[in-house]
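*Asks:* Pasting input37.cif below, which is mmCIF, N, CA and C atoms.
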data_data
#
loop_
_atom_site.label_atom_id
_atom_site.label_comp_id
_atom_site.auth_asym_id
_atom_site.auth_seq_id
_atom_site.Cartn_x
_atom_site.Cartn_y
_atom_site.Cartn_z
N MET A 1 57.83 167.78 85.61
CA MET A 1 57.94 166.71 86.59
C MET A 1 58.03 167.33 87.98
N ASN A 2 57.27 166.79 88.90
CA ASN A 2 57.31 167.25 90.28
C ASN A 2 58.44 166.56 91.02
N GLU A 3 59.24 167.34 91.72
CA GLU A 3 60.32 166.79 92.52
C GLU A 3 60.19 167.34 93.92
N THR A 4 60.62 166.56 94.89
CA THR A 4 60.64 167.01 96.26
C THR A 4 62.05 167.47 96.59
N VAL A 5 62.20 168.75 96.86
CA VAL A 5 63.50 169.32 97.20
C VAL A 5 63.53 169.55 98.70
N VAL A 6 64.61 169.08 99.35
CA VAL A 6 64.72 169.17 100.79
C VAL A 6 66.04 169.82 101.19
N THR A 7 66.09 170.36 102.39
CA THR A 7 67.32 170.84 102.98
C THR A 7 67.47 170.15 104.34
N LEU A 8 68.58 169.45 104.52
CA LEU A 8 68.83 168.71 105.75
C LEU A 8 70.03 169.29 106.47
N VAL A 9 69.97 169.32 107.79
CA VAL A 9 71.09 169.76 108.62
C VAL A 9 71.48 168.59 109.49
N GLY A 10 72.74 168.18 109.41
CA GLY A 10 73.20 167.03 110.19
C GLY A 10 74.71 166.94 110.20
N ASN A 11 75.21 165.74 110.45
CA ASN A 11 76.64 165.49 110.51
C ASN A 11 77.02 164.40 109.51
N ALA A 12 78.22 164.53 108.93
CA ALA A 12 78.73 163.50 108.04
C ALA A 12 78.98 162.25 108.88
N ALA A 13 78.30 161.16 108.56
CA ALA A 13 78.41 159.92 109.34
C ALA A 13 79.47 158.99 108.76
N THR A 14 79.81 159.15 107.49
CA THR A 14 80.84 158.33 106.86
C THR A 14 81.76 159.22 106.03
N ALA A 15 82.90 158.67 105.66
CA ALA A 15 83.80 159.38 104.77
C ALA A 15 83.17 159.45 103.38
N VAL A 16 83.58 160.42 102.61
CA VAL A 16 83.08 160.56 101.23
C VAL A 16 83.73 159.47 100.38
N ASP A 17 82.89 158.72 99.66
CA ASP A 17 83.35 157.67 98.74
C ASP A 17 83.31 158.25 97.33
N PHE A 18 84.47 158.60 96.78
CA PHE A 18 84.57 159.24 95.47
C PHE A 18 84.96 158.20 94.43
N ARG A 19 84.29 158.26 93.27
CA ARG A 19 84.62 157.35 92.17
C ARG A 19 84.56 158.10 90.85
N GLU A 20 85.50 157.80 90.01
CA GLU A 20 85.51 158.32 88.64
C GLU A 20 84.89 157.24 87.76
N THR A 21 83.77 157.55 87.10
CA THR A 21 83.08 156.58 86.27
C THR A 21 83.12 157.03 84.81
N ALA A 22 82.61 156.19 83.94
CA ALA A 22 82.58 156.53 82.51
C ALA A 22 81.69 157.74 82.24
N THR A 23 80.71 157.97 83.09
CA THR A 23 79.79 159.11 82.90
C THR A 23 80.21 160.34 83.69
N GLY A 24 81.34 160.25 84.42
CA GLY A 24 81.81 161.39 85.20
C GLY A 24 82.01 161.04 86.65
N ALA A 25 82.46 162.01 87.42
CA ALA A 25 82.73 161.80 88.85
C ALA A 25 81.44 161.64 89.63
N THR A 26 81.49 160.78 90.64
CA THR A 26 80.36 160.60 91.54
C THR A 26 80.91 160.39 92.96
N ALA A 27 80.16 160.85 93.93
CA ALA A 27 80.55 160.68 95.33
C ALA A 27 79.31 160.43 96.17
N ARG A 28 79.52 159.74 97.28
CA ARG A 28 78.41 159.51 98.21
C ARG A 28 78.95 159.47 99.63
N PHE A 29 78.08 159.80 100.56
CA PHE A 29 78.37 159.68 101.98
C PHE A 29 77.05 159.61 102.72
N ARG A 30 77.11 159.21 103.99
CA ARG A 30 75.91 159.12 104.80
C ARG A 30 75.84 160.35 105.70
N LEU A 31 74.64 160.89 105.83
CA LEU A 31 74.38 162.05 106.66
C LEU A 31 73.47 161.63 107.82
N ALA A 32 73.89 161.92 109.04
CA ALA A 32 73.09 161.62 110.23
C ALA A 32 72.35 162.89 110.64
N VAL A 33 71.04 162.77 110.78
CA VAL A 33 70.20 163.91 111.17
C VAL A 33 69.44 163.54 112.44
N THR A 34 69.68 164.31 113.51
CA THR A 34 69.04 164.05 114.80
C THR A 34 68.23 165.27 115.19
N PRO A 35 66.90 165.14 115.23
CA PRO A 35 66.07 166.29 115.65
C PRO A 35 66.21 166.53 117.14
N ARG A 36 66.17 167.81 117.53
CA ARG A 36 66.20 168.19 118.95
C ARG A 36 64.90 168.90 119.27
N ARG A 37 64.36 168.58 120.43
CA ARG A 37 63.10 169.19 120.86
C ARG A 37 63.21 169.65 122.31
N TRP A 38 62.49 170.72 122.62
CA TRP A 38 62.46 171.22 123.98
C TRP A 38 61.38 170.47 124.74
N ASP A 39 61.76 169.81 125.81
CA ASP A 39 60.83 169.08 126.66
C ASP A 39 60.39 170.02 127.77
N ARG A 40 59.14 170.48 127.70
CA ARG A 40 58.64 171.46 128.67
C ARG A 40 58.61 170.90 130.09
N GLU A 41 58.24 169.63 130.21
CA GLU A 41 58.14 169.04 131.54
C GLU A 41 59.51 168.91 132.20
N GLN A 42 60.50 168.45 131.45
CA GLN A 42 61.84 168.25 131.99
C GLN A 42 62.68 169.54 131.95
N ARG A 43 62.20 170.51 131.16
CA ARG A 43 62.91 171.78 130.96
C ARG A 43 64.34 171.54 130.46
N THR A 44 64.41 170.72 129.43
CA THR A 44 65.71 170.40 128.83
C THR A 44 65.51 170.01 127.37
N TRP A 45 66.60 170.07 126.61
CA TRP A 45 66.56 169.63 125.22
C TRP A 45 66.73 168.12 125.19
N THR A 46 65.95 167.45 124.34
CA THR A 46 66.10 166.01 124.16
C THR A 46 66.31 165.71 122.69
N ASP A 47 67.08 164.68 122.43
CA ASP A 47 67.35 164.25 121.06
C ASP A 47 66.31 163.24 120.62
N GLY A 48 65.86 163.37 119.38
CA GLY A 48 64.95 162.40 118.80
C GLY A 48 65.74 161.26 118.17
N ARG A 49 65.05 160.46 117.42
CA ARG A 49 65.68 159.31 116.76
C ARG A 49 66.50 159.80 115.56
N THR A 50 67.74 159.33 115.43
CA THR A 50 68.62 159.74 114.34
C THR A 50 68.21 159.05 113.05
N GLY A 51 68.07 159.85 111.99
CA GLY A 51 67.79 159.32 110.66
C GLY A 51 69.06 159.40 109.82
N PHE A 52 69.28 158.41 108.97
CA PHE A 52 70.46 158.38 108.12
C PHE A 52 70.04 158.45 106.66
N TYR A 53 70.71 159.30 105.91
CA TYR A 53 70.41 159.51 104.50
C TYR A 53 71.69 159.32 103.70
N THR A 54 71.57 158.69 102.53
CA THR A 54 72.70 158.59 101.63
C THR A 54 72.65 159.80 100.70
N VAL A 55 73.74 160.57 100.70
CA VAL A 55 73.82 161.77 99.88
C VAL A 55 74.68 161.43 98.67
N TRP A 56 74.15 161.69 97.48
CA TRP A 56 74.85 161.44 96.22
C TRP A 56 75.18 162.78 95.57
N ALA A 57 76.36 162.88 94.99
CA ALA A 57 76.77 164.08 94.28
C ALA A 57 77.44 163.68 92.98
N ARG A 58 77.37 164.56 92.01
CA ARG A 58 77.94 164.28 90.69
C ARG A 58 78.90 165.40 90.30
N ARG A 59 79.72 165.11 89.34
CA ARG A 59 80.64 166.05 88.69
C ARG A 59 81.46 166.87 89.67
N THR A 60 81.46 168.18 89.51
CA THR A 60 82.32 169.06 90.31
C THR A 60 81.98 168.99 91.79
N LEU A 61 80.71 168.92 92.13
CA LEU A 61 80.32 168.82 93.53
C LEU A 61 80.92 167.57 94.15
N ALA A 62 80.92 166.47 93.42
CA ALA A 62 81.51 165.22 93.93
C ALA A 62 82.99 165.39 94.23
N ALA A 63 83.72 165.99 93.31
CA ALA A 63 85.16 166.20 93.52
C ALA A 63 85.42 167.15 94.68
N ASN A 64 84.64 168.21 94.80
CA ASN A 64 84.85 169.17 95.88
C ASN A 64 84.51 168.58 97.24
N LEU A 65 83.53 167.70 97.31
CA LEU A 65 83.19 167.04 98.57
C LEU A 65 84.36 166.22 99.10
N THR A 66 85.05 165.57 98.19
CA THR A 66 86.15 164.69 98.56
C THR A 66 87.22 165.42 99.35
N GLY A 67 87.56 166.63 98.95
CA GLY A 67 88.60 167.38 99.63
C GLY A 67 88.09 168.28 100.73
N SER A 68 86.79 168.29 100.97
CA SER A 68 86.22 169.27 101.90
C SER A 68 85.51 168.69 103.11
N VAL A 69 85.02 167.46 103.04
CA VAL A 69 84.15 166.91 104.09
C VAL A 69 84.83 165.73 104.79
N SER A 70 84.82 165.78 106.11
CA SER A 70 85.34 164.68 106.93
C SER A 70 84.24 164.18 107.86
N VAL A 71 84.42 162.97 108.36
CA VAL A 71 83.44 162.36 109.26
C VAL A 71 83.24 163.25 110.49
N GLY A 72 81.98 163.43 110.87
CA GLY A 72 81.63 164.18 112.07
C GLY A 72 81.39 165.66 111.85
N GLU A 73 81.73 166.18 110.68
CA GLU A 73 81.55 167.61 110.44
C GLU A 73 80.08 167.96 110.24
N PRO A 74 79.65 169.11 110.78
CA PRO A 74 78.26 169.55 110.60
C PRO A 74 78.05 170.09 109.18
N LEU A 75 76.99 169.62 108.53
CA LEU A 75 76.73 169.98 107.14
C LEU A 75 75.29 170.42 106.92
N VAL A 76 75.10 171.18 105.86
CA VAL A 76 73.78 171.52 105.34
C VAL A 76 73.74 170.96 103.92
N VAL A 77 72.76 170.10 103.65
CA VAL A 77 72.64 169.46 102.33
C VAL A 77 71.31 169.87 101.71
N HIS A 78 71.38 170.35 100.48
CA HIS A 78 70.18 170.76 99.74
C HIS A 78 70.12 169.92 98.47
N GLY A 79 69.00 169.23 98.25
CA GLY A 79 68.91 168.39 97.06
C GLY A 79 67.55 167.75 96.88
N ARG A 80 67.49 166.86 95.91
CA ARG A 80 66.26 166.17 95.56
C ARG A 80 66.11 164.89 96.39
N LEU A 81 64.94 164.72 96.98
CA LEU A 81 64.64 163.54 97.78
C LEU A 81 64.30 162.38 96.86
N LYS A 82 64.94 161.24 97.09
CA LYS A 82 64.67 160.03 96.32
C LYS A 82 64.40 158.90 97.30
N VAL A 83 63.22 158.30 97.22
CA VAL A 83 62.87 157.17 98.07
C VAL A 83 62.75 155.95 97.18
N ARG A 84 63.42 154.88 97.59
CA ARG A 84 63.37 153.65 96.79
C ARG A 84 63.16 152.46 97.71
N GLU A 85 62.56 151.43 97.16
CA GLU A 85 62.33 150.20 97.91
C GLU A 85 63.01 149.06 97.18
N GLU A 86 63.66 148.19 97.94
CA GLU A 86 64.34 147.03 97.37
C GLU A 86 64.04 145.81 98.22
N GLU A 87 64.03 144.67 97.55
CA GLU A 87 63.84 143.41 98.26
C GLU A 87 65.18 142.71 98.37
N ARG A 88 65.56 142.38 99.60
CA ARG A 88 66.80 141.64 99.85
C ARG A 88 66.48 140.50 100.79
N ASP A 89 66.80 139.30 100.37
CA ASP A 89 66.56 138.10 101.18
C ASP A 89 65.11 137.99 101.61
N GLY A 90 64.20 138.36 100.73
CA GLY A 90 62.78 138.24 100.99
C GLY A 90 62.20 139.34 101.86
N VAL A 91 63.01 140.33 102.21
CA VAL A 91 62.55 141.43 103.06
C VAL A 91 62.61 142.73 102.26
N TRP A 92 61.50 143.46 102.26
CA TRP A 92 61.47 144.75 101.57
C TRP A 92 62.04 145.82 102.48
N ARG A 93 62.92 146.64 101.94
CA ARG A 93 63.54 147.73 102.69
C ARG A 93 63.34 149.03 101.95
N THR A 94 63.22 150.10 102.72
CA THR A 94 63.06 151.44 102.15
C THR A 94 64.35 152.21 102.38
N TYR A 95 64.85 152.85 101.32
CA TYR A 95 66.07 153.65 101.38
C TYR A 95 65.72 155.08 100.99
N VAL A 96 66.30 156.03 101.71
CA VAL A 96 66.08 157.44 101.42
C VAL A 96 67.41 158.05 100.99
N ASP A 97 67.45 158.56 99.77
CA ASP A 97 68.65 159.17 99.21
C ASP A 97 68.39 160.64 98.93
N ILE A 98 69.45 161.40 98.92
CA ILE A 98 69.39 162.81 98.54
C ILE A 98 70.35 162.99 97.36
N GLU A 99 69.83 163.46 96.25
CA GLU A 99 70.66 163.81 95.10
C GLU A 99 71.05 165.28 95.30
N ALA A 100 72.27 165.49 95.78
CA ALA A 100 72.69 166.81 96.24
C ALA A 100 72.83 167.81 95.10
N MET A 101 72.31 169.02 95.35
CA MET A 101 72.52 170.15 94.46
C MET A 101 73.54 171.10 95.08
N ALA A 102 73.60 171.12 96.43
CA ALA A 102 74.55 171.96 97.15
C ALA A 102 74.82 171.35 98.52
N VAL A 103 76.07 171.45 98.97
CA VAL A 103 76.47 170.97 100.28
C VAL A 103 77.41 172.01 100.88
N GLY A 104 77.22 172.33 102.15
CA GLY A 104 78.12 173.27 102.82
C GLY A 104 78.23 172.96 104.28
N HIS A 105 79.23 173.54 104.92
CA HIS A 105 79.39 173.38 106.36
C HIS A 105 78.36 174.25 107.09
N ASP A 106 77.87 173.75 108.22
CA ASP A 106 76.91 174.47 109.04
C ASP A 106 77.68 175.47 109.89
N LEU A 107 77.63 176.75 109.51
CA LEU A 107 78.41 177.77 110.17
C LEU A 107 77.83 178.22 111.51
N THR A 108 76.69 177.67 111.92
CA THR A 108 76.21 177.95 113.27
C THR A 108 77.02 177.16 114.29
N ARG A 109 77.79 176.19 113.83
CA ARG A 109 78.54 175.31 114.73
C ARG A 109 80.04 175.39 114.54
N GLY A 110 80.53 176.33 113.74
CA GLY A 110 81.96 176.47 113.55
C GLY A 110 82.26 177.43 112.42
N THR A 111 83.53 177.52 112.05
CA THR A 111 83.95 178.40 110.96
C THR A 111 84.48 177.57 109.81
N ALA A 112 84.57 178.18 108.65
CA ALA A 112 85.11 177.51 107.47
C ALA A 112 85.86 178.53 106.64
N ALA A 113 86.80 178.06 105.85
CA ALA A 113 87.54 178.91 104.93
C ALA A 113 87.28 178.41 103.52
N PHE A 114 86.72 179.25 102.67
CA PHE A 114 86.36 178.86 101.31
C PHE A 114 87.55 179.05 100.38
N ARG A 115 87.78 178.06 99.51
CA ARG A 115 88.81 178.16 98.47
C ARG A 115 88.15 177.87 97.14
N ARG A 116 88.21 178.83 96.24
CA ARG A 116 87.68 178.61 94.89
C ARG A 116 88.60 177.64 94.17
N VAL A 117 88.01 176.67 93.46
CA VAL A 117 88.79 175.64 92.78
C VAL A 117 88.90 175.99 91.30
N ALA A 118 90.13 175.97 90.80
CA ALA A 118 90.35 176.13 89.36
C ALA A 118 90.06 174.79 88.70
N ARG A 119 89.27 174.79 87.68
CA ARG A 119 88.87 173.53 87.04
C ARG A 119 90.04 172.74 86.48
N ALA A 120 91.11 173.42 86.11
CA ALA A 120 92.24 172.74 85.48
C ALA A 120 93.18 172.10 86.50
N ASP A 121 92.97 172.32 87.80
CA ASP A 121 93.89 171.81 88.81
C ASP A 121 93.19 170.82 89.74
N PRO A 122 93.17 169.50 89.38
CA PRO A 122 92.47 168.52 90.21
C PRO A 122 93.14 168.29 91.56
N SER A 123 94.39 168.71 91.75
CA SER A 123 95.05 168.51 93.04
C SER A 123 94.37 169.30 94.15
N LEU A 124 93.64 170.35 93.80
CA LEU A 124 92.98 171.16 94.82
C LEU A 124 91.81 170.43 95.47
N THR A 125 91.28 169.43 94.79
CA THR A 125 90.15 168.69 95.36
C THR A 125 90.56 167.32 95.87
N ALA A 126 91.85 167.01 95.83
CA ALA A 126 92.33 165.71 96.31
C ALA A 126 92.15 165.62 97.82
N PRO A 127 91.81 164.44 98.31
CA PRO A 127 91.63 164.30 99.76
C PRO A 127 92.96 164.55 100.47
N THR A 128 92.91 165.30 101.56
CA THR A 128 94.10 165.60 102.35
C THR A 128 93.77 165.45 103.82
N GLN A 129 94.81 165.40 104.63
CA GLN A 129 94.62 165.45 106.07
C GLN A 129 94.49 166.90 106.44
N ARG A 130 93.27 167.37 106.60
CA ARG A 130 93.04 168.78 106.90
C ARG A 130 93.27 169.05 108.37
N GLN A 131 93.93 170.17 108.64
CA GLN A 131 94.10 170.60 110.02
C GLN A 131 93.08 171.69 110.30
N LYS A 132 92.44 171.59 111.42
CA LYS A 132 91.44 172.60 111.78
C LYS A 132 92.16 173.82 112.35
N PRO A 133 91.76 175.02 111.94
CA PRO A 133 92.39 176.23 112.47
C PRO A 133 92.17 176.36 113.97
N ALA A 134 93.13 177.00 114.63
CA ALA A 134 93.04 177.17 116.07
C ALA A 134 91.85 178.01 116.47
N THR A 135 91.38 178.85 115.54
CA THR A 135 90.27 179.74 115.84
C THR A 135 88.91 179.09 115.61
N GLU A 136 88.91 177.82 115.20
CA GLU A 136 87.63 177.17 114.91
C GLU A 136 86.84 177.01 116.20
N MET A 137 85.57 177.31 116.11
CA MET A 137 84.70 177.26 117.28
C MET A 137 84.36 175.81 117.64
N ALA A 138 84.20 175.54 118.88
CA ALA A 138 83.79 174.21 119.33
C ALA A 138 82.32 174.01 118.97
N SER A 139 81.94 172.77 118.77
CA SER A 139 80.54 172.45 118.46
C SER A 139 79.67 172.80 119.65
N VAL A 140 78.52 173.37 119.34
CA VAL A 140 77.55 173.73 120.37
C VAL A 140 76.39 172.74 120.29
N SER A 141 76.10 172.06 121.35
CA SER A 141 75.01 171.08 121.33
C SER A 141 73.75 171.69 121.82
#
For this file, write the structure as structure tokens.
*Replies:*
Amino acid sequence: MNETVVTLVGNAATAVDFRETATGATARFRLAVTPRRWDREQRTWTDGRTGFYTVWARRTLAANLTGSVSVGEPLVVHGRLKVREEERDGVWRTYVDIEAMAVGHDLTRGTAAFRRVARADPSLTAPTQRQKPATEMASVS
């Protein structure tokens, strides 16, 4: 089967919505991706139109996202592209989803501290109020 695998760089636009289902853990959040281009005439960077993608994760990745990702954080998402169309109120809409295989913080825009999770200790992936280290770099636009 042919699949389209993509890597997106953007910011978490929503909080991670984690759910425990009969088939296992699942999580989703929205990723905002804004392309930047150099405008030769104006000699400045300009932002393009922001695209929003729903990122889906399963099992361990879903649980780890819950304790690791907050709104506004820069992320790199690698996964399978899924495009679907639905009709709502007589209007057809197109939705673009990413079935995540890997998600990480974009280290070009800050620092991160990795913690390996023991599978037997679910408290390590519980959502917490994370404090950013004083040494964390400011976002570079």
*Asks:* Determine the nearest neighbour of Ala63 (chain A) from the options A:Ala113, A:Val16, A:Val76, A:Val5, counting only C-alpha atoms.
*Replies:*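 Using only C-alpha atoms, the shortest distance to Ala63 (chain A) belongs to A:Val16.
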*Asks:* List every residue of chain A that DSSP, applied to the backbone of this structure, assigns to strand (DSSP E or B), and report them as a ChimeraX atom specification.
*Replies:* /A:5-12,17-21,24-33,36-39,44-47,51-58,74-88,91-105
*Asks:* Work out how far CA of Phe52 (chain A) is from CA of Arg36 (chain A), in Å to one decimal.
*Replies:*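 We find that CA of Arg36 (chain A) and CA of Phe52 (chain A) lie 15.2 Å from each other.
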*Asks:* I'd like the interatomic distance between atom C of Glu99 (chain A) and CA of Leu75 (chain A), to a tenth of an Å.
*Replies:*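 That distance, rounded to one decimal, is 13.9 Å.
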*Asks:* Choose the residue, out of A:Ala100, A:Val117, A:Ala112, A:Asn64, that has the smallest atom-to-atom separation from Gly79 (chain A); count all atoms listed in the file.
*Replies:* A:Ala100
*Asks:* Between CA of Glu3 (chain A) and atom C of Met101 (chain A), what is the distance in Å, rounded to a tenth?
*Replies:*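 Straight-line distance from CA of Glu3 (chain A) to atom C of Met101 (chain A) works out to 14.1 Å.
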*Asks:* Name the residues in contact with Leu61 (chain A) at a cut-off of 8 Å, using only N, CA and C atoms, excluding same-chain residues fewer than 4 positions from it; report them as a PDB file with N, CA and C atoms, in the coordinates of the input.
*Replies:*
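This is the output file part_0.pdb:
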ATOM      1  N   ALA A  25      82.460 162.010  87.420  1.00  0.00           N
ATOM      2  CA  ALA A  25      82.730 161.800  88.850  1.00  0.00           C
ATOM      3  C   ALA A  25      81.440 161.640  89.630  1.00  0.00           C
ATOM      4  N   THR A  26      81.490 160.780  90.640  1.00  0.00           N
ATOM      5  CA  THR A  26      80.360 160.600  91.540  1.00  0.00           C
ATOM      6  C   THR A  26      80.910 160.390  92.960  1.00  0.00           C
ATOM      7  N   ALA A  27      80.160 160.850  93.930  1.00  0.00           N
ATOM      8  CA  ALA A  27      80.550 160.680  95.330  1.00  0.00           C
ATOM      9  C   ALA A  27      79.310 160.430  96.170  1.00  0.00           C
ATOM     10  N   TRP A  56      74.150 161.690  97.480  1.00  0.00           N
ATOM     11  CA  TRP A  56      74.850 161.440  96.220  1.00  0.00           C
ATOM     12  C   TRP A  56      75.180 162.780  95.570  1.00  0.00           C
ATOM     13  N   ALA A  57      76.360 162.880  94.990  1.00  0.00           N
ATOM     14  CA  ALA A  57      76.770 164.080  94.280  1.00  0.00           C
ATOM     15  C   ALA A  57      77.440 163.680  92.980  1.00  0.00           C
ATOM     16  N   LEU A  65      83.530 167.700  97.310  1.00  0.00           N
ATOM     17  CA  LEU A  65      83.190 167.040  98.570  1.00  0.00           C
ATOM     18  C   LEU A  65      84.360 166.220  99.100  1.00  0.00           C
ATOM     19  N   THR A  66      85.050 165.570  98.190  1.00  0.00           N
ATOM     20  CA  THR A  66      86.150 164.690  98.560  1.00  0.00           C
ATOM     21  C   THR A  66      87.220 165.420  99.350  1.00  0.00           C
ATOM     22  N   ALA A 100      72.270 165.490  95.780  1.00  0.00           N
ATOM     23  CA  ALA A 100      72.690 166.810  96.240  1.00  0.00           C
ATOM     24  C   ALA A 100      72.830 167.810  95.100  1.00  0.00           C
ATOM     25  N   MET A 101      72.310 169.020  95.350  1.00  0.00           N
ATOM     26  CA  MET A 101      72.520 170.150  94.460  1.00  0.00           C
ATOM     27  C   MET A 101      73.540 171.100  95.080  1.00  0.00           C
ATOM     28  N   ALA A 102      73.600 171.120  96.430  1.00  0.00           N
ATOM     29  CA  ALA A 102      74.550 171.960  97.150  1.00  0.00           C
ATOM     30  C   ALA A 102      74.820 171.350  98.520  1.00  0.00           C
ATOM     31  N   VAL A 103      76.070 171.450  98.970  1.00  0.00           N
ATOM     32  CA  VAL A 103      76.470 170.970 100.280  1.00  0.00           C
ATOM     33  C   VAL A 103      77.410 172.010 100.880  1.00  0.00           C
TER      34      VAL A 103
END
*Asks:* Which one of A:Thr7, A:Thr23, A:Thr94, A:Gln42 sits closest to Arg59 (chain A) if you count all atoms listed in the file?
*Replies:*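 Of A:Thr7, A:Thr23, A:Thr94, A:Gln42, the one nearest Arg59 (chain A), counting all atoms listed in the file, is A:Thr23.
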*Asks:* Let me make sure I understand: among A:Val71, A:Val55, A:His78, A:Asp89, which one has the smallest atom-to-atom distance to Asn11 (chain A) if we use only C-alpha atoms?
*Replies:*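 Of the candidates, the smallest distance to Asn11 (chain A) is held by A:Val71.
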*Asks:* Apply DSSP to the structure's backbone, then extract all residues of chain A labelled helix (DSSP H, G or I) and return them as a PyMOL selection string.
*Replies:* chain A and resi 59-68+122-125
*Asks:* Write out the residues from the selection above, keeping N, CA and C atoms, as an mmCIF file, in the coordinates of the input.
*Replies:*
data_model
loop_
_atom_site.group_PDB
_atom_site.id
_atom_site.type_symbol
_atom_site.label_atom_id
_atom_site.label_comp_id
_atom_site.auth_asym_id
_atom_site.auth_seq_id
_atom_site.Cartn_x
_atom_site.Cartn_y
_atom_site.Cartn_z
ATOM 1 N N ARG A 59 79.720 165.110 89.340
ATOM 2 C CA ARG A 59 80.640 166.050 88.690
ATOM 3 C C ARG A 59 81.460 166.870 89.670
ATOM 4 N N THR A 60 81.460 168.180 89.510
ATOM 5 C CA THR A 60 82.320 169.060 90.310
ATOM 6 C C THR A 60 81.980 168.990 91.790
ATOM 7 N N LEU A 61 80.710 168.920 92.130
ATOM 8 C CA LEU A 61 80.320 168.820 93.530
ATOM 9 C C LEU A 61 80.920 167.570 94.150
ATOM 10 N N ALA A 62 80.920 166.470 93.420
ATOM 11 C CA ALA A 62 81.510 165.220 93.930
ATOM 12 C C ALA A 62 82.990 165.390 94.230
ATOM 13 N N ALA A 63 83.720 165.990 93.310
ATOM 14 C CA ALA A 63 85.160 166.200 93.520
ATOM 15 C C ALA A 63 85.420 167.150 94.680
ATOM 16 N N ASN A 64 84.640 168.210 94.800
ATOM 17 C CA ASN A 64 84.850 169.170 95.880
ATOM 18 C C ASN A 64 84.510 168.580 97.240
ATOM 19 N N LEU A 65 83.530 167.700 97.310
ATOM 20 C CA LEU A 65 83.190 167.040 98.570
ATOM 21 C C LEU A 65 84.360 166.220 99.100
ATOM 22 N N THR A 66 85.050 165.570 98.190
ATOM 23 C CA THR A 66 86.150 164.690 98.560
ATOM 24 C C THR A 66 87.220 165.420 99.350
ATOM 25 N N GLY A 67 87.560 166.630 98.950
ATOM 26 C CA GLY A 67 88.600 167.380 99.630
ATOM 27 C C GLY A 67 88.090 168.280 100.730
ATOM 28 N N SER A 68 86.790 168.290 100.970
ATOM 29 C CA SER A 68 86.220 169.270 101.900
ATOM 30 C C SER A 68 85.510 168.690 103.110
ATOM 31 N N PRO A 122 93.170 169.500 89.380
ATOM 32 C CA PRO A 122 92.470 168.520 90.210
ATOM 33 C C PRO A 122 93.140 168.290 91.560
ATOM 34 N N SER A 123 94.390 168.710 91.750
ATOM 35 C CA SER A 123 95.050 168.510 93.040
ATOM 36 C C SER A 123 94.370 169.300 94.150
ATOM 37 N N LEU A 124 93.640 170.350 93.800
ATOM 38 C CA LEU A 124 92.980 171.160 94.820
ATOM 39 C C LEU A 124 91.810 170.430 95.470
ATOM 40 N N THR A 125 91.280 169.430 94.790
ATOM 41 C CA THR A 125 90.150 168.690 95.360
ATOM 42 C C THR A 125 90.560 167.320 95.870
#
*Asks:* Which is closest to Ala15 (chain A) among A:Thr108, A:Gly72, A:Thr50, A:Arg43, if we use all atoms listed in the file?
*Replies:*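 Ranking A:Thr108, A:Gly72, A:Thr50, A:Arg43 by distance to Ala15 (chain A), first place goes to A:Gly72.
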*Asks:* So that all listed atoms of region 86-90 of chain A fit with 5 Å spare on each side, what axis-aligned box centre and edge lengths in Å, to one decimal, would you give as AutoDock Vina command-line options?
*Replies:*
--center_x 64.5 --center_y 143.1 --center_z 99.6 --size_x 14.6 --size_y 20.2 --size_z 14.5
*Asks:* Determine the nearest neighbour of Arg28 (chain A) from the options A:Val91, A:Ala12, A:Arg84, A:Thr54, counting only C-alpha atoms.
*Replies:*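 Closest residue, counting only C-alpha atoms: A:Thr54.
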*Asks:* Residue by residue, what does the PyMOL selection byres ((chain A and resi 53) around 6.5) grab here? Present the result as a tab-separated table (two decimals) with N, CA and C atoms, keeping the file's coordinate frame.
*Replies:*
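Final file, expr24.tsv:
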chain	number	residue	atom	x	y	z
A	29	PHE	N	78.08	159.80	100.56
A	29	PHE	CA	78.37	159.68	101.98
A	29	PHE	C	77.05	159.61	102.72
A	30	ARG	N	77.11	159.21	103.99
A	30	ARG	CA	75.91	159.12	104.80
A	30	ARG	C	75.84	160.35	105.70
A	31	LEU	N	74.64	160.89	105.83
A	31	LEU	CA	74.38	162.05	106.66
A	31	LEU	C	73.47	161.63	107.82
A	32	ALA	N	73.89	161.92	109.04
A	32	ALA	CA	73.09	161.62	110.23
A	32	ALA	C	72.35	162.89	110.64
A	33	VAL	N	71.04	162.77	110.78
A	33	VAL	CA	70.20	163.91	111.17
A	33	VAL	C	69.44	163.54	112.44
A	51	GLY	N	68.07	159.85	111.99
A	51	GLY	CA	67.79	159.32	110.66
A	51	GLY	C	69.06	159.40	109.82
A	52	PHE	N	69.28	158.41	108.97
A	52	PHE	CA	70.46	158.38	108.12
A	52	PHE	C	70.04	158.45	106.66
A	54	THR	N	71.57	158.69	102.53
A	54	THR	CA	72.70	158.59	101.63
A	54	THR	C	72.65	159.80	100.70
A	55	VAL	N	73.74	160.57	100.70
A	55	VAL	CA	73.82	161.77	99.88
A	55	VAL	C	74.68	161.43	98.67
A	96	VAL	N	66.30	156.03	101.71
A	96	VAL	CA	66.08	157.44	101.42
A	96	VAL	C	67.41	158.05	100.99
A	97	ASP	N	67.45	158.56	99.77
A	97	ASP	CA	68.65	159.17	99.21
A	97	ASP	C	68.39	160.64	98.93
A	98	ILE	N	69.45	161.40	98.92
A	98	ILE	CA	69.39	162.81	98.54
A	98	ILE	C	70.35	162.99	97.36
